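Here the structure comes first, spelled out in structure tokens, and everything after it is commentary.
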Amino acid sequence: MSSQKLVESPRDPAKASWRSVLPAGEPWMRTIKKGQVLRMLDLKGNQAVDTIFYSAEDPTERYSANDTIRAQGNIYLTTGSKLLTDEDNVLMTIVADTCGRHDTLGGACAAESNTVRYALDKKPMHNCRDNYLLALTNWEADELDKRDLVSNVNFFMNVPVTPEGRLTFEDGISEAGKYVELKAEMDTIVLISNCPQLNNPCNAYNPTPVELIVWDE
Amino acid sequence: MTETTQAKAIDPAKLLWEEFIPGGTHWSGVIRRGNTLRITDINGGANVSALLFNQEEKTERYNMADTLKAQHTAFLTKGFVCYSDMGRVLMSVTEDTCGWHDTICGLSNARLIHEKYGEGRFEELRNAYFKNGRDSLLIEMGKWGLSSRDLVSNLNLFSKVTVNDEGDLHFVERNSKAGDYIELRAEMNTLVVLSTAPHPMAPAGQYNPKPVQLAAFHSGEVLEEDFCRNFRPENVRGFYNTELWFR
């Protein structure tokens with residue numbers, strides 16, 4: 001598809017300032033400084049990485065999925081996409097992408113939405129919102145809570161919308177070794193849930209680890 | 001401007017109140033469980049940016065993603081319901097003559113309005129001054145103790161934006177005709193916050209947002225065979241979750 005802008009990165013992981021594997025189903029929250037580049041590497045393929053971004057200076061300013069897609073005139077994120085805040089500022093820019101398409105309409109899974117989408121007895125299953133709430137509670141630099149949970153990005157996830165207005169969760173288009181890189185345009189708090197969803201194809205029914213790599217530039 | 005939709009009359013015995021909302025203004029109020037809000041696009045071409053909150057616990061709010069993915073849709077019309085982040089139904093779309101209400105494009109803001117329509121300050125224009133969706137919703141939310149932290153992905157009633165196979169967004173003009181209306185039935189006591197400022201993708205030109213008419217009426221208990229409840233299997237579970245809140 002022409003909307004996919006496949007761009008490989010010139011960055012060498014051996015020269016990264018920080019790298020770590022995030023196991024399946026776990027949260028991660030860290031400030032990426034202006035100018036730093038964060039790579040999310042899909043180690044095993046088709047792993048949704050549910051991510052929200054906040055301005056580190058004032059986290060009440062946060063990622064806006066709606067402003068981001070409206071400003072670029074397209075619902076999919078790929079190389080060149082600028083992730084905007086609700087106050088019209090750029091948090092991060094996607095500078096490399098070997099997957100080609102990332103979702104920002106499908107949101108994060110939650111115990112309660114799982115009861116609606118699948119069955120009432122799915123409520124005890126692990127989910128992204130539990131990860132988010134725990135990470136926000138443990139974040140000591142700012143007072144953050146449920147009010148700060150907004151529409152997120154689902155890296156490596158495929159949620160097409162048809163011209164008739166249907167929205168579906170489809171099999172992923174990512175695979176092992178695909179990655180996306182984000183350059184911070186301001187000091188940005190990145191909140192990730194490495195999605196534990198087992199009820200739909202967003203993780204190919206098999207949640208797996210991802211690697212996170214940071215470069216100082 | 002030849003087509004006009006004829007509205008079904010509301011039973012006068014069930015009518016609770018009516019209010020005229022001029023173009024470019026903002027409003028908020030509580031629609032209680034068992035009552036329905038009808039919003040009528042009086043002249044055609046209106047946009048109503050709206051957010052919904054559980055009035056009893058306002059951290060529970062309309063959730064765009066849960067609404068869309070539970071019902072496999074990117075827009076709203078009759079049959080679809082508006083889910084909160086807690087797996088409950090805040091409001092159901094029980095009538096709709098328009099056919100498509102946007103859920104994905106967010107709000108106009110001060111910069112967008114200025115770029116498209118120029119300067120429109122109160123000092124010169126008095127109450128015809130140019131307003132934008134974001135500031136308007138924040139003002140109404142402020143009246144209920146809510147702030148920008150509570151501002152989430154919103155509805156744009158009467159506006160249509162389609163997505164092609166490449167993912168490109170296209171704003172469809174003249175989606176809503178004079179007299180078109182949508183009815184939102186409250187399944188919970190719902191704080192409704194709305195703005196009639198322009199849609200963020202409305203074309204540039206003359207600033208001329210359209211008015212709407214609000215009417216609230218008593219619609220009673222939701223039956224087992226209710227259209228919205230049975231519109232999708234997910235909605236049966238959503239209504240069950242909602243009923244537990246009131247037991």
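Residue numbers start at 1 in each chain; chains themselves are named A, B, ... in the order of the structure tokens; ligands are numbered from 1 in the order shown.
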What residues in segment 4-191 of chain B get the DSSP label strand (DSSP E or B)? Please answer as a VMD selection string.
chain B and resid 4 15 to 21 26 to 31 35 to 41 48 to 54 61 to 62 73 75 to 76 81 to 84 89 to 96 101 to 102 155 to 157 160 to 163 168 to 172 178 181 to 186 190 to 191
Residues of chain A no more than 6 Å from chain B, counting only C-alpha atoms: send them over as an MDAnalysis selection string.
chainID A and resid 3 60 66 70 73:75 105:107 112:113 116:117 147:148 163 165:168
Go through segment 22-178 of chain A and collect every residue that DSSP, computed from the backbone, puts in alpha helix (DSSP H); the answer should be as a ChimeraX atom specification.
/A:65-72,111-117,128-138
Contacts of segment 94-98 of chain B at 12 Å (only C-alpha atoms; same-chain gap of 3+ positions) as an mmCIF file with C-alpha atoms, in the first residue's frame:
data_model
loop_
_atom_site.group_PDB
_atom_site.id
_atom_site.type_symbol
_atom_site.label_atom_id
_atom_site.label_comp_id
_atom_site.auth_asym_id
_atom_site.auth_seq_id
_atom_site.Cartn_x
_atom_site.Cartn_y
_atom_site.Cartn_z
ATOM 1 C CA THR B 4 -35.969 18.330 4.742
ATOM 2 C CA THR B 5 -36.384 15.423 7.120
ATOM 3 C CA GLN B 6 -39.734 15.260 8.888
ATOM 4 C CA ALA B 7 -39.288 14.326 12.534
ATOM 5 C CA LYS B 8 -41.492 11.898 14.377
ATOM 6 C CA ASN B 35 -34.769 9.481 29.341
ATOM 7 C CA THR B 36 -33.728 10.260 25.775
ATOM 8 C CA LEU B 37 -32.047 13.301 24.240
ATOM 9 C CA ARG B 38 -33.089 14.217 20.695
ATOM 10 C CA ILE B 39 -30.693 16.514 18.859
ATOM 11 C CA THR B 40 -32.066 18.054 15.665
ATOM 12 C CA ASP B 41 -29.953 19.696 12.959
ATOM 13 C CA GLY B 44 -28.576 21.054 7.863
ATOM 14 C CA GLY B 45 -24.796 20.906 8.001
ATOM 15 C CA ALA B 46 -24.482 21.093 11.791
ATOM 16 C CA ASN B 47 -21.647 19.582 13.808
ATOM 17 C CA PHE B 75 -18.991 5.486 12.951
ATOM 18 C CA LEU B 76 -22.333 5.610 14.762
ATOM 19 C CA THR B 77 -25.910 5.309 13.576
ATOM 20 C CA LYS B 78 -29.130 3.685 14.845
ATOM 21 C CA GLY B 79 -28.434 0.488 16.792
ATOM 22 C CA PHE B 80 -24.931 1.322 17.948
ATOM 23 C CA VAL B 81 -24.303 2.297 21.560
ATOM 24 C CA CYS B 82 -21.703 4.466 23.295
ATOM 25 C CA MET B 91 -26.135 6.053 25.765
ATOM 26 C CA HIS B 101 -21.808 10.314 12.917
ATOM 27 C CA ASP B 102 -18.025 10.729 13.084
ATOM 28 C CA LEU B 157 -22.587 14.168 15.572
ATOM 29 C CA PHE B 158 -23.967 14.940 12.075
ATOM 30 C CA SER B 159 -20.463 14.908 10.537
ATOM 31 C CA LYS B 160 -19.143 12.223 8.205
ATOM 32 C CA ARG B 174 -23.720 18.035 3.265
ATOM 33 C CA ASN B 175 -23.964 14.784 5.253
ATOM 34 C CA SER B 176 -26.781 16.070 7.424
ATOM 35 C CA LYS B 177 -29.958 17.597 5.968
ATOM 36 C CA ALA B 178 -32.275 20.165 7.513
ATOM 37 C CA GLY B 179 -34.377 18.400 10.117
ATOM 38 C CA ASP B 180 -32.118 15.368 10.534
ATOM 39 C CA TYR B 181 -32.002 14.168 14.099
ATOM 40 C CA ILE B 182 -30.362 11.616 16.352
ATOM 41 C CA GLU B 183 -31.794 10.240 19.571
ATOM 42 C CA LEU B 184 -29.458 9.244 22.385
ATOM 43 C CA ARG B 185 -31.149 7.201 25.079
ATOM 44 C CA ALA B 186 -29.434 7.376 28.462
ATOM 45 C CA GLU B 187 -28.719 3.919 29.902
ATOM 46 C CA SER B 219 -38.501 6.885 27.155
ATOM 47 C CA VAL B 222 -35.427 -0.827 28.060
ATOM 48 C CA ASP B 226 -34.733 -3.706 22.484
ATOM 49 C CA PHE B 227 -33.153 -2.964 19.096
ATOM 50 C CA CYS B 228 -29.878 -1.519 20.430
ATOM 51 C CA ARG B 229 -29.480 -4.212 23.101
ATOM 52 C CA ASN B 230 -29.756 -6.914 20.442
ATOM 53 C CA PHE B 231 -27.959 -5.037 17.672
#
Set the distance at 7 Å and use only C-alpha atoms: which residues neighbour segment 39-50 of chain A once local chain neighbours fewer than 5 positions away are removed? I'd like the list as a VMD selection string.
chain A and resid 108 152 to 157 172 to 182 192 to 195 202 to 204 207 to 214
Would you pick out the contacts of segment 30-33 of chain A at 8 Å or less, using only C-alpha atoms, so that residues sharing its chain but fewer than 6 positions from it are not included, and give the list as a ChimeraX atom specification?
/A:56,184,186-191
Minimum-distance residue to Arg62 of chain A, chosen among A:Asn131, A:Asn158, A:Thr93, A:Ser151 (using only C-alpha atoms):
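Result for the nearest residue to Arg62 of chain A: A:Ser151.
Minimum atom-to-atom distance to Leu77 of chain A, evaluated using only C-alpha atoms, belongs to A:Val159 out of A:Met125, A:Val159, A:Met29, A:Leu144.
Taking only C-alpha atoms into account, Tyr118 of chain A lies nearest to A:Asn200 out of the set A:Asn200, A:Ser64, A:Thr51, A:Thr79.
Atom CA of Glu164 of chain A is found 29.2 Å from atom CA of Leu149 of chain A.
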One decimal, Å: what's the distance from atom CA of Phe53 of chain A over to atom CA of Ser49 of chain B, could you say?
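Spanning atom CA of Phe53 of chain A to atom CA of Ser49 of chain B is a straight-line distance of 24.0 Å.
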Would you mind telling me which residue in B:Phe130, B:Ala13, B:Arg232, B:Pro22 lies nearest to Tyr117 of chain B when using only C-alpha atoms?
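Closest to Tyr117 of chain B, using only C-alpha atoms: B:Phe130.
In this structure, atom CA of Ala197 of chain B sits 8.2 Å away from atom CA of Lys210 of chain B.
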With only C-alpha atoms as the counted atoms, please give the residues lying no more than 8 Å from Glu8 of chain A, apart from itself and same-chain residues fewer than 2 positions off, as a ChimeraX atom specification.
/A:6,10,96-98
Might you pull out every residue within 8 Å of Glu185 of chain A, with only C-alpha atoms counted and same-chain residues fewer than 6 positions away left off, and present them as a list in words?
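Near neighbours after the sequence-gap exclusion: Lys34, Gly35, Val90, Leu91, Met92 and Thr93 of chain A.
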